[in-house]
Every structure is written in C-alpha cells, then in structure tokens.
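Visitor: One file is attached below, final-v1.cif, containing mmCIF, C-alpha atoms.
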data_model
#
loop_
_atom_site.label_atom_id
_atom_site.label_comp_id
_atom_site.auth_asym_id
_atom_site.auth_seq_id
_atom_site.Cartn_x
_atom_site.Cartn_y
_atom_site.Cartn_z
CA MET A 292 -14.68 -12.95 -65.90
CA ARG A 293 -11.84 -10.54 -65.39
CA PHE A 294 -14.34 -7.83 -64.39
CA LEU A 295 -15.90 -10.17 -61.82
CA ALA A 296 -12.50 -11.01 -60.25
CA THR A 297 -11.53 -7.33 -60.11
CA THR A 298 -14.84 -6.46 -58.49
CA ALA A 299 -14.41 -9.23 -55.89
CA VAL A 300 -10.90 -8.00 -54.98
CA ALA A 301 -12.11 -4.40 -54.76
CA LEU A 302 -15.00 -5.38 -52.46
CA THR A 303 -12.67 -7.42 -50.23
CA VAL A 304 -10.23 -4.52 -49.87
CA ALA A 305 -13.05 -2.06 -49.20
CA ALA A 306 -14.62 -4.33 -46.56
CA THR A 307 -11.27 -4.86 -44.84
CA GLY A 308 -10.68 -1.13 -44.75
CA ALA A 309 -14.09 -0.56 -43.24
CA MET A 310 -13.41 -3.15 -40.57
CA ALA A 311 -10.10 -1.54 -39.70
CA GLN A 312 -11.83 1.80 -39.27
CA ASP A 313 -14.17 0.30 -36.66
CA VAL A 314 -11.27 -0.63 -34.35
CA VAL A 315 -11.05 1.80 -31.43
CA ARG A 316 -7.63 2.19 -29.89
CA VAL A 317 -7.56 2.91 -26.17
CA ASP A 318 -4.50 4.35 -24.50
CA PRO A 319 -3.30 1.91 -21.77
CA MET A 320 -2.52 4.88 -19.50
CA THR A 321 -6.15 5.99 -19.74
CA MET A 322 -7.33 2.49 -18.83
CA GLU A 323 -5.03 2.42 -15.76
CA ALA A 324 -6.20 5.87 -14.65
CA ASP A 325 -9.84 4.82 -15.07
CA ALA A 326 -9.18 1.72 -12.95
CA LEU A 327 -7.63 3.87 -10.20
CA TYR A 328 -10.54 6.31 -10.23
CA SER A 329 -12.99 3.44 -9.90
CA MET A 330 -11.14 2.33 -6.72
CA GLN A 331 -11.54 5.72 -5.04
CA GLY A 332 -13.02 4.41 -1.80
CA GLN A 333 -10.35 1.71 -1.49
CA LEU A 334 -7.23 3.89 -1.80
CA ILE A 335 -5.25 5.29 1.14
CA ARG A 336 -2.75 8.14 1.01
CA THR A 337 0.50 7.87 2.97
CA ARG A 338 -0.19 11.19 4.68
CA ASP A 339 -3.20 9.49 6.33
CA ILE A 340 -0.84 6.89 7.84
CA THR A 341 2.31 8.83 8.81
CA GLY A 342 2.05 10.41 12.23
CA GLY A 343 -0.43 7.76 13.34
CA ASP A 344 -0.01 5.68 16.47
CA ILE A 345 1.45 2.19 16.71
CA TYR A 346 -0.28 -0.21 19.07
CA THR A 347 0.47 -3.60 20.53
CA SER A 348 -2.31 -5.99 21.46
CA ASN A 349 -0.46 -7.11 24.60
CA GLU A 350 -0.60 -10.70 23.40
CA ALA A 351 2.43 -12.85 22.73
CA HIS A 352 2.76 -13.53 19.02
CA ASP A 353 5.49 -15.50 17.42
CA GLU A 354 6.31 -15.64 13.72
CA MET A 355 3.84 -18.47 13.14
CA SER A 356 0.83 -17.10 15.04
CA TRP A 357 0.92 -13.55 13.68
CA GLY A 358 -0.72 -12.87 10.38
CA TYR A 359 -3.97 -11.93 8.83
CA GLU A 360 -6.49 -12.04 11.64
CA GLY A 361 -9.31 -10.24 9.90
CA VAL A 362 -9.94 -6.59 9.28
CA TYR A 363 -9.69 -4.29 12.26
CA ASP A 364 -12.44 -1.69 12.36
CA GLY A 365 -10.86 0.38 15.11
CA VAL A 366 -8.38 0.46 17.96
CA GLY A 367 -8.93 -2.21 20.60
CA ALA A 368 -9.71 -1.03 24.12
CA ASP A 369 -6.93 -3.19 25.58
CA TRP A 370 -4.22 -2.14 23.10
CA ASN A 371 -1.24 -0.09 24.29
CA ASP A 372 0.06 2.90 22.31
CA ILE A 373 3.79 2.16 21.98
CA GLY A 374 4.98 4.59 19.31
CA ASP A 375 4.29 6.66 16.22
CA ILE A 376 4.51 6.01 12.50
CA GLU A 377 7.41 8.21 11.43
CA ASP A 378 7.60 7.20 7.77
CA ILE A 379 6.54 4.69 5.12
CA ILE A 380 9.24 2.53 3.48
CA LEU A 381 8.90 1.73 -0.22
CA SER A 382 10.97 -0.58 -2.40
CA THR A 383 12.54 0.75 -5.59
CA ASP A 384 9.57 -0.60 -7.54
CA GLY A 385 7.13 1.35 -5.38
CA GLN A 386 5.81 -1.42 -3.13
CA MET A 387 5.25 -0.67 0.56
CA ILE A 388 7.60 -2.94 2.52
CA GLY A 389 7.51 -1.48 6.03
CA VAL A 390 7.33 1.52 8.32
CA VAL A 391 9.75 3.55 10.39
CA ALA A 392 8.47 3.59 13.96
CA GLU A 393 9.40 6.19 16.56
CA ILE A 394 9.41 4.49 19.95
CA GLY A 395 10.37 5.38 23.50
CA GLY A 396 11.54 8.73 24.71
CA PHE A 397 9.53 11.74 25.75
CA LEU A 398 8.88 14.80 23.59
CA ASP A 399 11.38 13.52 21.01
CA ILE A 400 14.11 13.19 23.66
CA GLY A 401 15.60 9.71 23.93
CA ASP A 402 13.36 8.24 21.25
CA LYS A 403 14.51 5.59 18.80
CA HIS A 404 13.60 4.96 15.16
CA VAL A 405 13.26 1.34 14.08
CA MET A 406 12.09 -0.36 10.93
CA ILE A 407 9.11 -2.72 11.16
CA PRO A 408 8.48 -4.97 8.13
CA LEU A 409 5.02 -4.88 6.60
CA LYS A 410 4.44 -8.53 7.53
CA ASP A 411 4.58 -7.52 11.21
CA VAL A 412 1.90 -4.80 11.15
CA SER A 413 -1.77 -4.43 10.26
CA LEU A 414 -3.52 -1.22 9.28
CA VAL A 415 -6.29 0.02 11.58
CA PRO A 416 -8.69 2.86 10.73
CA VAL A 417 -8.87 5.48 13.48
CA ASP A 418 -11.43 7.78 11.90
CA ASP A 419 -12.57 8.71 8.39
CA ALA A 420 -9.15 9.97 7.30
CA ASN A 421 -6.45 8.59 9.61
CA TYR A 422 -4.90 5.23 10.32
CA ALA A 423 -2.86 3.52 13.01
CA LEU A 424 -0.93 0.26 13.01
CA ILE A 425 -1.01 -2.73 15.29
CA THR A 426 2.09 -4.87 15.57
CA ARG A 427 2.87 -8.27 17.01
CA TYR A 428 5.82 -6.71 18.86
CA ASN A 429 5.63 -5.18 22.32
CA GLU A 430 7.60 -2.04 23.20
CA GLU A 431 10.53 -3.95 24.67
CA GLN A 432 10.89 -6.05 21.52
CA LEU A 433 10.83 -2.93 19.34
CA GLU A 434 13.55 -1.34 21.48
CA GLN A 435 15.76 -4.39 20.80
CA LEU A 436 15.58 -3.80 17.02
CA PRO A 437 18.50 -1.97 15.37
CA GLY A 438 18.04 1.79 15.32
CA ILE A 439 17.91 3.67 12.04
CA ASP A 440 18.51 7.38 11.82
CA GLU A 441 18.81 9.78 8.89
CA GLY A 442 22.41 8.68 8.29
CA TRP A 443 21.28 5.07 7.84
CA TRP A 444 19.50 5.99 4.59
CA ASP A 445 22.58 7.58 3.00
#
Translate this file's structure into structure tokens.
Guide:
Amino acid sequence: MRFLATTAVALTVAATGAMAQDVVRVDPMTMEADALYSMQGQLIRTRDITGGDIYTSNEAHDEMSWGYEGVYDGVGADWNDIGDIEDIILSTDGQMIGVVAEIGGFLDIGDKHVMIPLKDVSLVPVDDANYALITRYNEEQLEQLPGIDEGWWD
C-alpha cells in the first residue's frame, strides 16, 4: 500500500512538472511591438503632419456643432489655407493634445504662433505621406487666441 501511495505522489509531481514545462512565457514588450507592427498602415508620424497647411471650411461652427463629421479624404475645394502646422503638442503621458499653428504674416514676418486644441481640428490626408488640418476657427478667430512663442514653453 505504501508503494502504491508513493507511486501516486511521484506520478502527480511528474505530471505537474510536465505541465509547467508546456507553459510558454511571452514578453509583454514583444506583444506590444507585434501589435504596433500589425497596425503599420494605420500609423502616422509627426513629421508627416508638421509643416502641413491649416484650413478653414469657411463655415461658422460653434462649440456644439463642431466635431466628428466623418473622415476627410482630401482638402475641400472651398477651404481657405489660413496657416501652417508648426508643431505637435503632447501631454506628459505622450498623448497628442493639440498643435501649434503659425498664422498671419508674410515670409515669417509678422506671423503669430497659437495653440489649437485637438478637439478643434481634424486630420486631412493631402497625399500618400503628408497631412493637413481643418479647424472650426477662421483666421480672425485664430488671431484672437493668445500667442505662444519659444519663451512660453520655458
């Protein structure tokens, strides 16, 4: 009887060890990288956005009427180019929260840099590798926003 109990314990331990050997551990970093690589066609680099144009649709939008209006597949024929995307603004946790727009002026003389929150712009593809933004603001409204220069960030 003692032999039978010892054999049963030995088989249980051996089977448990074999099951533990079948467990494959996957590094979470590898899983995240694999997920990013699988999204290749859906990712956009900031260099494809900065330097792009900012457009207004020439329609009056208030806070309530502006929002997700579908996906833009290109620049509208009746949109006005009112500035350039100077920079992308990220939060400390890496989320895009807005853009720095360069508006007004001529050849960088008399221009103004303003911050536009992400909720007030939509991304528009221009070609295979570049993007523009459309905003609910017109040029006059953007000029009324507080200016931000390099000293503002310090």
Visitor: Could you list, as a short mmCIF file (atom, residue, chain, number, x, y, z; two decimals) with C-alpha atoms, keeping the file's coordinate frame, every residue matched by the PyMOL selection byres ((chain A and resi 433) around 9) in this structure?
Guide:
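Listing of selection-v1.cif after writing:
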data_model
loop_
_atom_site.label_atom_id
_atom_site.label_comp_id
_atom_site.auth_asym_id
_atom_site.auth_seq_id
_atom_site.Cartn_x
_atom_site.Cartn_y
_atom_site.Cartn_z
CA ALA A 392 8.47 3.59 13.96
CA ILE A 394 9.41 4.49 19.95
CA VAL A 405 13.26 1.34 14.08
CA MET A 406 12.09 -0.36 10.93
CA ILE A 407 9.11 -2.72 11.16
CA TYR A 428 5.82 -6.71 18.86
CA ASN A 429 5.63 -5.18 22.32
CA GLU A 430 7.60 -2.04 23.20
CA GLU A 431 10.53 -3.95 24.67
CA GLN A 432 10.89 -6.05 21.52
CA GLU A 434 13.55 -1.34 21.48
CA GLN A 435 15.76 -4.39 20.80
CA LEU A 436 15.58 -3.80 17.02
CA PRO A 437 18.50 -1.97 15.37
#
Visitor: Given the file shown, determine the residues that the PyMOL selection byres ((chain A and resi 387) around 12) selects; report them as an mmCIF file with C-alpha atoms, keeping the file's coordinate frame.
Guide:
data_model
loop_
_atom_site.group_PDB
_atom_site.id
_atom_site.type_symbol
_atom_site.label_atom_id
_atom_site.label_comp_id
_atom_site.auth_asym_id
_atom_site.auth_seq_id
_atom_site.Cartn_x
_atom_site.Cartn_y
_atom_site.Cartn_z
ATOM 1 C CA ARG A 336 -2.750 8.140 1.010
ATOM 2 C CA THR A 337 0.500 7.870 2.970
ATOM 3 C CA ASP A 378 7.600 7.200 7.770
ATOM 4 C CA ILE A 379 6.540 4.690 5.120
ATOM 5 C CA ILE A 380 9.240 2.530 3.480
ATOM 6 C CA LEU A 381 8.900 1.730 -0.220
ATOM 7 C CA SER A 382 10.970 -0.580 -2.400
ATOM 8 C CA THR A 383 12.540 0.750 -5.590
ATOM 9 C CA ASP A 384 9.570 -0.600 -7.540
ATOM 10 C CA GLY A 385 7.130 1.350 -5.380
ATOM 11 C CA GLN A 386 5.810 -1.420 -3.130
ATOM 12 C CA ILE A 388 7.600 -2.940 2.520
ATOM 13 C CA GLY A 389 7.510 -1.480 6.030
ATOM 14 C CA VAL A 390 7.330 1.520 8.320
ATOM 15 C CA VAL A 391 9.750 3.550 10.390
ATOM 16 C CA ILE A 407 9.110 -2.720 11.160
ATOM 17 C CA PRO A 408 8.480 -4.970 8.130
ATOM 18 C CA LEU A 409 5.020 -4.880 6.600
ATOM 19 C CA LYS A 410 4.440 -8.530 7.530
ATOM 20 C CA VAL A 412 1.900 -4.800 11.150
#
Visitor: Output the residue selection produced by the PyMOL selection byres ((chain A and resi 343) around 6) on the file above, formatted as a list in words.
Guide: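 The output of the PyMOL selection byres ((chain A and resi 343) around 6) on this file is Ile340, Thr341, Gly342, Asp344, Asp375, Ile376, Tyr422 and Ala423 of chain A.
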Visitor: Would you compute the distance between atom CA of Asp339 of chain A and atom CA of Tyr363 of chain A? Give it in Å to one decimal.
Guide: 16.3 Å
Visitor: Would you mind listing what lies within 8 Å of Thr426 of chain A as number ranges by chain, with all atoms listed in the file counted and same-chain residues fewer than 2 positions away left out?
Guide: A: 345-348, 411-413, 424, 428-429
